[in-house]
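First the structure, in the form of structure tokens, and then the observations on it.
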Amino acid sequence: MKIFKQMKPFYWNERKRLIISILSLTCATGMNLMYTKLLQFLIDDVIVNEKYELVLTFSFTAAGVIIAKSGMQYLYGFTGARVGNKMVLRLRNACYEKLQYLPYSYYETAKTGDLIARMTVDMDAVRNFIGFDFAQFINMGLTIIFGSVMMLTISWKLALLTLITTPILIWLTFRLDRKAQPAYRDTRSAMSQLSSVAQENIAGIRTVKSFNGMGHEINKFSDKNERYRNKQYEAAKTVAKHYPVIELMANICPILLLIFGGMHVIRGSLSLGELAALFSLTWLIISPMWWIAFHINKYSQAKASGERIFELLQLETSRCMPERTREDAAIPINGEIRFQDVSFYYKENSSTPALLHFSLVASPGSVVGIIGSTGSGKSTILKLLIGAYKIKKGEITIDGKNYDEWHSSDIKQSIAPVFQETYLFAATIRDNIAFGVDNPSDEEITQAAMKAQAHEFISMLPMGYDTVIGERGIGLSGGQRQRIAIARALIRKPKILILDDATSALDMETEYKLQNALKDELAQTTCFIMANRISSIRHADEIIVLDKGQILQRGTHQDLVSLEGPYRSIYLSQYDDSIHKHNHLTLTVEGGEQ
Ligand SMILES: Nc1ncnc2c1ncn2[C@@H]1O[C@H](COP(=O)(O)OP(=O)(O)OP(=O)(O)O)[C@@H](O)[C@H]1O
Ligand SMILES: [Mg+2]
């Protein structure tokens, strides 16, 4: 029950409705118990005593009970559904909010399918329990208590005799629950794995297809699918094995009643109506007992689901920086960034640093180019700049103030990263560019697209800015997607812009145009450009050559290219062909022949 106590804030507001739902179900069951009395009355008073003039009264009373019972059932269904839905609405929103604030590191290992399962299947289990099964649970107990009392008042001896096997019945249902629980848990985890595989496959379908991995993927899915089937089968086998015994035990009760009750009627110590009432009461009591296992199962499933949801809700979020309160005014950022002897390790006890003794000073409006081989730490710098990880060694400051002392909202308002992997939403190009900005005008969107060199190709699309692009931007070329992502960053008019390999798919001419547009527009913006291509960073005020997290060289393009060293080597390897071509062309023109 602990988990449902923890969930109290999510349904406590609805407690009145919860009580109405429980009461109305209890009343409906009370009407059921009344039926048995009506039956007794019909047989003993109307039929045996031949008082046929009472038939009309009896019929009206029976109709009244039926209508009242239906009304109560409706109230139970209606209020129960409301309580369940309202609670799940709050829970789901809370989970979704939590997902937004979980640290970046959480998503490195998180499985989308599993998270989706928590937000859907688990939520449904909890909703059904709080909305319906909880009331049923209480109702079951009340039916058993009141039904037994009614039976005892009719004939306590017969009642005790009839209900003699019920403890065995209850024991059996509990045993079933104990056996079935692990099977149900396995089933749920198998389902979660199955959806993870499907989700991953859909996300990576292009890779799968291009590497002809369909067969492998199909096998992987069928394995998981079969595992799910087996788990379901095991659960069903356990239930199927127990149910006949439970049914047998349940049926013994009315049989005992018919034998001994019948003898009493023959002897005249029990009326026919009383026997009929006892018979109906027996079933009224036995059925909930029969279902105890089912409801306990539901309870356990809801408990397990609730725990999975709470596991998510209790995860620590990444709000390492203080949030701005209403009284705090927004502090404008100028864009002066300093890294002072920053060393960073992704794992606490890792021996390989992602950055080692890294220092830099970027004055407002300057352009810093970072070049380095793959895995040298370029994207790590971006992650530290957006506050994805907290550093333990060294210090990062913005406008002279320690990064962690800034309000995260101030930083997020001023910083615009363009990630190495372009992510576009399945929405229109307009919405993709406008993401994160409140109601931008068409003019602003077009301006941003123009600067990002995206306007031209967008205008040529039949639907222009209203073109809906597929998930992850399917339907556009790599360079087109990158330019939309850049436009999305530019529309924010950031004070700090970070382009992590964000122009890698652009041809050099477009890249050059983009650089010029940025130079004009972002004179006051501090720009970080991470790249593998010299052409992307050669115009930078300072270029840093990075290798295995360490700075190998730093300076301007002119400085570095004239020095023997890694930068010059990269330059030569990338420009060798064009230098040759250039020399060749010059020679040809000068020689006037060939
Ligand atoms: N989330 C992570 N957990 C652990 N190690 C990581 C993580 N992300 C990156 N690394 C490691 O940190 C180092 C630097 O990675 P980073 O992504 O910064 O390189 P990069 O210069 O951006 O490379 P690329 O040019 O391929 O994008 C690499 O050795 C990488 O394996
Ligand atoms: Mg990278």
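Scheme for the structure tokens: letters A, B, ... for chains in order shown; per-chain residue numbers from 1; ligand numbers from 1 in order shown.
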Original post:
Do you know which residues are at most 8 Å from region 88-90 of chain A counting only C-alpha atoms, after dropping those on the same chain fewer than 2 positions away, and could you put them as a list in words?
Top reply: Phe10, Gly84, Asn85, Lys86, Arg92, Asn93, Ala94, Met123, Asp124, Val126 and Arg127 of chain A
Subject >> ligand 1 neighbours within 10 Å using only C-alpha atoms and all ligand atoms, as a ChimeraX atom specification >> reply: /A:104-109,344-347,350,352-355,370-384,389,419-421,500-501,530-532,546-549
N, CA and C atoms of the current selection, written as a CSV table (one decimal), in the first residue's frame:
```
chain,number,residue,atom,x,y,z
A,104,TYR,N,21.3,14.9,-18.8
A,104,TYR,CA,21.7,14.3,-20.1
A,104,TYR,C,22.2,12.9,-20.0
A,105,SER,N,22.9,12.7,-18.8
A,105,SER,CA,23.5,11.4,-18.6
A,105,SER,C,22.5,10.3,-18.5
A,106,TYR,N,21.3,10.6,-18.0
A,106,TYR,CA,20.2,9.6,-17.9
A,106,TYR,C,19.9,9.1,-19.3
A,107,TYR,N,19.8,10.0,-20.3
A,107,TYR,CA,19.4,9.5,-21.6
A,107,TYR,C,20.5,8.8,-22.4
A,108,GLU,N,21.7,8.7,-21.8
A,108,GLU,CA,22.7,7.9,-22.4
A,108,GLU,C,22.4,6.4,-22.4
A,109,THR,N,21.7,6.0,-21.3
A,109,THR,CA,21.4,4.6,-21.2
A,109,THR,C,19.9,4.3,-21.2
A,344,PHE,N,37.8,17.3,-17.5
A,344,PHE,CA,36.5,16.6,-17.4
A,344,PHE,C,36.5,15.2,-17.7
A,345,TYR,N,35.9,14.4,-16.8
A,345,TYR,CA,35.8,12.9,-17.1
A,345,TYR,C,34.3,12.6,-17.1
A,346,TYR,N,33.9,11.8,-18.1
A,346,TYR,CA,32.5,11.4,-18.1
A,346,TYR,C,32.1,10.5,-17.0
A,347,LYS,N,33.1,9.5,-16.7
A,347,LYS,CA,32.8,8.6,-15.5
A,347,LYS,C,33.7,9.0,-14.4
A,350,SER,N,37.1,7.3,-14.2
A,350,SER,CA,37.7,7.0,-15.4
A,350,SER,C,39.1,7.6,-15.5
A,352,THR,N,40.6,8.1,-18.5
A,352,THR,CA,40.8,8.8,-19.7
A,352,THR,C,39.9,10.1,-19.7
A,353,PRO,N,40.6,11.3,-19.7
A,353,PRO,CA,39.8,12.5,-19.6
A,353,PRO,C,39.2,12.9,-21.0
A,354,ALA,N,38.1,13.5,-21.0
A,354,ALA,CA,37.5,13.9,-22.3
A,354,ALA,C,38.1,15.3,-22.5
A,355,LEU,N,38.4,16.0,-21.4
A,355,LEU,CA,39.1,17.3,-21.6
A,355,LEU,C,40.2,17.4,-20.5
A,370,ILE,N,37.4,25.3,-33.1
A,370,ILE,CA,38.0,24.2,-32.4
A,370,ILE,C,38.0,23.0,-33.4
A,371,ILE,N,39.2,22.6,-33.7
A,371,ILE,CA,39.4,21.6,-34.7
A,371,ILE,C,40.1,20.4,-34.0
A,372,GLY,N,39.8,19.2,-34.4
A,372,GLY,CA,40.5,18.1,-33.8
A,372,GLY,C,39.9,16.8,-34.3
A,373,SER,N,40.7,15.7,-34.2
A,373,SER,CA,40.3,14.5,-34.8
A,373,SER,C,39.0,14.0,-34.0
A,374,THR,N,38.4,12.9,-34.5
A,374,THR,CA,37.2,12.4,-33.9
A,374,THR,C,37.5,11.9,-32.5
A,375,GLY,N,36.7,12.2,-31.5
A,375,GLY,CA,36.9,11.8,-30.1
A,375,GLY,C,37.8,12.7,-29.4
A,376,SER,N,38.2,13.9,-30.0
A,376,SER,CA,39.2,14.8,-29.3
A,376,SER,C,38.6,15.6,-28.2
A,377,GLY,N,37.2,15.7,-28.2
A,377,GLY,CA,36.6,16.5,-27.1
A,377,GLY,C,35.8,17.7,-27.5
A,378,LYS,N,35.6,17.8,-28.8
A,378,LYS,CA,34.9,19.0,-29.3
A,378,LYS,C,33.4,19.1,-28.8
A,379,SER,N,32.7,18.0,-29.0
A,379,SER,CA,31.3,18.0,-28.5
A,379,SER,C,31.2,18.1,-27.0
A,380,THR,N,32.3,17.6,-26.3
A,380,THR,CA,32.3,17.7,-24.9
A,380,THR,C,32.3,19.2,-24.5
A,381,ILE,N,33.0,20.0,-25.2
A,381,ILE,CA,33.0,21.5,-24.9
A,381,ILE,C,31.6,22.0,-25.0
A,382,LEU,N,30.9,21.6,-26.1
A,382,LEU,CA,29.5,22.1,-26.3
A,382,LEU,C,28.7,21.7,-25.1
A,383,LYS,N,28.8,20.4,-24.7
A,383,LYS,CA,28.0,19.9,-23.6
A,383,LYS,C,28.3,20.7,-22.3
A,384,LEU,N,29.5,21.0,-22.1
A,384,LEU,CA,29.8,21.8,-20.9
A,384,LEU,C,29.3,23.2,-21.0
A,389,TYR,N,26.7,18.8,-18.2
A,389,TYR,CA,27.5,18.1,-17.1
A,389,TYR,C,28.1,19.2,-16.2
A,419,PHE,N,23.6,21.1,-32.6
A,419,PHE,CA,24.2,19.8,-32.3
A,419,PHE,C,24.8,19.1,-33.6
A,420,GLN,N,25.7,18.3,-33.3
A,420,GLN,CA,26.3,17.5,-34.4
A,420,GLN,C,25.3,16.6,-35.1
A,421,GLU,N,24.4,16.0,-34.3
A,421,GLU,CA,23.3,15.2,-34.9
A,421,GLU,C,22.1,16.1,-35.0
A,500,ASP,N,28.4,22.8,-33.6
A,500,ASP,CA,29.2,21.6,-33.5
A,500,ASP,C,29.1,20.8,-34.7
A,501,ASP,N,30.1,20.9,-35.6
A,501,ASP,CA,30.1,20.2,-36.8
A,501,ASP,C,28.8,20.5,-37.6
A,530,MET,N,32.9,24.1,-33.8
A,530,MET,CA,33.7,22.9,-33.8
A,530,MET,C,33.6,22.2,-35.1
A,531,ALA,N,34.8,21.8,-35.6
A,531,ALA,CA,34.7,21.2,-37.0
A,531,ALA,C,35.9,20.3,-37.2
A,532,ASN,N,35.8,19.5,-38.3
A,532,ASN,CA,36.9,18.7,-38.8
A,532,ASN,C,37.5,19.4,-40.0
A,546,LEU,N,42.8,20.5,-31.0
A,546,LEU,CA,42.5,19.6,-29.8
A,546,LEU,C,42.9,18.1,-30.2
A,547,ASP,N,43.5,17.5,-29.2
A,547,ASP,CA,43.7,16.0,-29.4
A,547,ASP,C,43.6,15.3,-28.1
A,548,LYS,N,42.8,14.3,-28.0
A,548,LYS,CA,42.5,13.6,-26.8
A,548,LYS,C,42.3,14.5,-25.6
A,549,GLY,N,41.5,15.5,-25.8
A,549,GLY,CA,41.1,16.4,-24.8
A,549,GLY,C,42.1,17.5,-24.4
```
**OP:** Mind listing the helix (DSSP H, G or I) residues of region 320-469 of chain A, per DSSP on the backbone, as a ChimeraX atom specification?
**Re:** /A:378-385,403-405,408-414,429-434,442-451,455-460,464-466
Original post:
Which polymer residues have any atom within 12 Å of an atom of Gln136 (chain A), counting only C-alpha atoms, with same-chain residues fewer than 6 positions away left out, as a PyMOL selection string?
Top reply: chain A and resi 18+21-26+28-29+73+76-77+80+128-130+142-143+288-289+291-292+294-296+298-299
**OP:** Pull the strand (DSSP E) assignments for region 272-424 of chain A out of DSSP run on the backbone, and list those residues as a VMD selection string.
**Re:** chain A and resid 337 to 344 355 to 362 367 to 372 393 to 398 401 to 402 415 to 418
Include N, CA and C atoms and write out the residues we just selected as an mmCIF file, in the first residue's frame.
```
data_model
loop_
_atom_site.group_PDB
_atom_site.id
_atom_site.type_symbol
_atom_site.label_atom_id
_atom_site.label_comp_id
_atom_site.auth_asym_id
_atom_site.auth_seq_id
_atom_site.Cartn_x
_atom_site.Cartn_y
_atom_site.Cartn_z
ATOM 1 N N ILE A 337 33.340 34.286 -22.354
ATOM 2 C CA ILE A 337 33.426 32.928 -21.809
ATOM 3 C C ILE A 337 34.873 32.583 -21.487
ATOM 4 N N ARG A 338 35.048 32.010 -20.300
ATOM 5 C CA ARG A 338 36.396 31.558 -19.936
ATOM 6 C C ARG A 338 36.342 30.120 -19.471
ATOM 7 N N PHE A 339 37.258 29.329 -19.943
ATOM 8 C CA PHE A 339 37.497 27.990 -19.391
ATOM 9 C C PHE A 339 38.831 28.120 -18.665
ATOM 10 N N GLN A 340 38.834 27.829 -17.365
ATOM 11 C CA GLN A 340 40.103 27.944 -16.644
ATOM 12 C C GLN A 340 40.537 26.568 -16.152
ATOM 13 N N ASP A 341 41.513 26.014 -16.838
ATOM 14 C CA ASP A 341 42.117 24.740 -16.445
ATOM 15 C C ASP A 341 41.041 23.664 -16.190
ATOM 16 N N VAL A 342 40.170 23.522 -17.154
ATOM 17 C CA VAL A 342 39.060 22.574 -16.981
ATOM 18 C C VAL A 342 39.500 21.165 -17.369
ATOM 19 N N SER A 343 39.308 20.228 -16.449
ATOM 20 C CA SER A 343 39.504 18.811 -16.779
ATOM 21 C C SER A 343 38.175 18.131 -16.542
ATOM 22 N N PHE A 344 37.806 17.254 -17.473
ATOM 23 C CA PHE A 344 36.484 16.638 -17.350
ATOM 24 C C PHE A 344 36.527 15.156 -17.716
ATOM 25 N N LEU A 355 38.428 16.035 -21.447
ATOM 26 C CA LEU A 355 39.139 17.319 -21.572
ATOM 27 C C LEU A 355 40.191 17.372 -20.468
ATOM 28 N N LEU A 356 41.378 17.901 -20.809
ATOM 29 C CA LEU A 356 42.433 17.951 -19.799
ATOM 30 C C LEU A 356 43.107 19.328 -19.811
ATOM 31 N N HIS A 357 43.105 19.964 -18.655
ATOM 32 C CA HIS A 357 43.728 21.293 -18.492
ATOM 33 C C HIS A 357 43.365 22.215 -19.656
ATOM 34 N N PHE A 358 42.088 22.315 -19.907
ATOM 35 C CA PHE A 358 41.617 23.106 -21.047
ATOM 36 C C PHE A 358 41.328 24.540 -20.595
ATOM 37 N N SER A 359 41.946 25.484 -21.252
ATOM 38 C CA SER A 359 41.698 26.894 -20.916
ATOM 39 C C SER A 359 41.440 27.688 -22.182
ATOM 40 N N LEU A 360 40.540 28.630 -22.100
ATOM 41 C CA LEU A 360 40.361 29.560 -23.224
ATOM 42 C C LEU A 360 39.640 30.802 -22.750
ATOM 43 N N VAL A 361 39.861 31.877 -23.477
ATOM 44 C CA VAL A 361 39.125 33.112 -23.193
ATOM 45 C C VAL A 361 38.486 33.549 -24.497
ATOM 46 N N ALA A 362 37.166 33.660 -24.484
ATOM 47 C CA ALA A 362 36.475 34.127 -25.683
ATOM 48 C C ALA A 362 35.797 35.430 -25.328
ATOM 49 N N VAL A 367 35.092 34.843 -32.429
ATOM 50 C CA VAL A 367 34.801 33.521 -32.989
ATOM 51 C C VAL A 367 35.937 32.578 -32.586
ATOM 52 N N VAL A 368 35.566 31.481 -31.924
ATOM 53 C CA VAL A 368 36.574 30.495 -31.529
ATOM 54 C C VAL A 368 36.357 29.254 -32.384
ATOM 55 N N GLY A 369 37.403 28.831 -33.043
ATOM 56 C CA GLY A 369 37.296 27.613 -33.852
ATOM 57 C C GLY A 369 37.996 26.476 -33.131
ATOM 58 N N ILE A 370 37.356 25.328 -33.070
ATOM 59 C CA ILE A 370 37.991 24.181 -32.409
ATOM 60 C C ILE A 370 38.049 23.047 -33.413
ATOM 61 N N ILE A 371 39.248 22.620 -33.696
ATOM 62 C CA ILE A 371 39.411 21.564 -34.683
ATOM 63 C C ILE A 371 40.141 20.401 -34.008
ATOM 64 N N GLY A 372 39.812 19.228 -34.407
ATOM 65 C CA GLY A 372 40.487 18.082 -33.792
ATOM 66 C C GLY A 372 39.903 16.806 -34.338
ATOM 67 N N LYS A 393 36.773 19.808 -11.940
ATOM 68 C CA LYS A 393 38.118 20.394 -11.920
ATOM 69 C C LYS A 393 38.170 21.588 -12.853
ATOM 70 N N GLY A 394 38.599 22.711 -12.323
ATOM 71 C CA GLY A 394 38.655 23.926 -13.138
ATOM 72 C C GLY A 394 37.371 24.716 -13.009
ATOM 73 N N GLU A 395 37.276 25.757 -13.820
ATOM 74 C CA GLU A 395 36.102 26.628 -13.710
ATOM 75 C C GLU A 395 35.699 27.177 -15.081
ATOM 76 N N ILE A 396 34.408 27.266 -15.297
ATOM 77 C CA ILE A 396 33.920 27.937 -16.505
ATOM 78 C C ILE A 396 33.189 29.189 -16.025
ATOM 79 N N THR A 397 33.525 30.305 -16.619
ATOM 80 C CA THR A 397 32.818 31.524 -16.224
ATOM 81 C C THR A 397 32.159 32.174 -17.438
ATOM 82 N N ILE A 398 31.040 32.825 -17.182
ATOM 83 C CA ILE A 398 30.402 33.645 -18.218
ATOM 84 C C ILE A 398 30.366 35.054 -17.662
ATOM 85 N N LYS A 401 31.440 35.445 -14.112
ATOM 86 C CA LYS A 401 30.726 34.797 -13.012
ATOM 87 C C LYS A 401 30.710 33.288 -13.255
ATOM 88 N N ASN A 402 30.968 32.526 -12.186
ATOM 89 C CA ASN A 402 30.996 31.078 -12.289
ATOM 90 C C ASN A 402 29.711 30.552 -12.951
ATOM 91 N N ILE A 415 22.022 31.318 -25.034
ATOM 92 C CA ILE A 415 22.905 30.372 -25.709
ATOM 93 C C ILE A 415 22.106 29.578 -26.744
ATOM 94 N N ALA A 416 22.678 29.372 -27.917
ATOM 95 C CA ALA A 416 21.978 28.563 -28.925
ATOM 96 C C ALA A 416 22.945 27.533 -29.487
ATOM 97 N N PRO A 417 22.765 26.282 -29.135
ATOM 98 C CA PRO A 417 23.645 25.253 -29.683
ATOM 99 C C PRO A 417 23.054 24.614 -30.947
ATOM 100 N N VAL A 418 23.921 24.272 -31.865
ATOM 101 C CA VAL A 418 23.477 23.445 -32.999
ATOM 102 C C VAL A 418 24.274 22.153 -32.875
#
```
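For the set A:Thr422, A:Ser287, A:Ser351, A:Thr166, the residue with the smallest atom-to-atom gap to ligand 2 is A:Thr422, counting only C-alpha atoms and all ligand atoms.
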Subject >> Atom-to-atom span, CA of Leu56 (chain A) and CA of Met72 (chain A), Å >> reply: 24.2 Å
Original post:
Between A:Gln574, A:Ser271, A:Ser504, A:Thr446, which one has atoms that come closest to ligand 2, using only C-alpha atoms and all ligand atoms?
Top reply: A:Ser504
**OP:** Go through A:Gly400, A:Glu14, A:Tyr567, A:Leu257 and flag the residue nearest Ala276 (chain A), using only C-alpha atoms for the distances.
**Re:** A:Leu257
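Residue nearest Thr162 (chain A), chosen from A:Ala183, A:Leu258, A:Met191, A:Cys253 and counting only C-alpha atoms: A:Cys253.
Using only C-alpha atoms and all ligand atoms, the nearest neighbour of ligand 2 within the list A:Ala203, A:Leu499, A:Leu560, A:Ala180 is A:Leu499.
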Original post:
Between A:Ile331, A:Val83, A:Ile391, A:Cys95, which is the closest to His407 (chain A) once you count only C-alpha atoms?
Top reply: A:Ile331
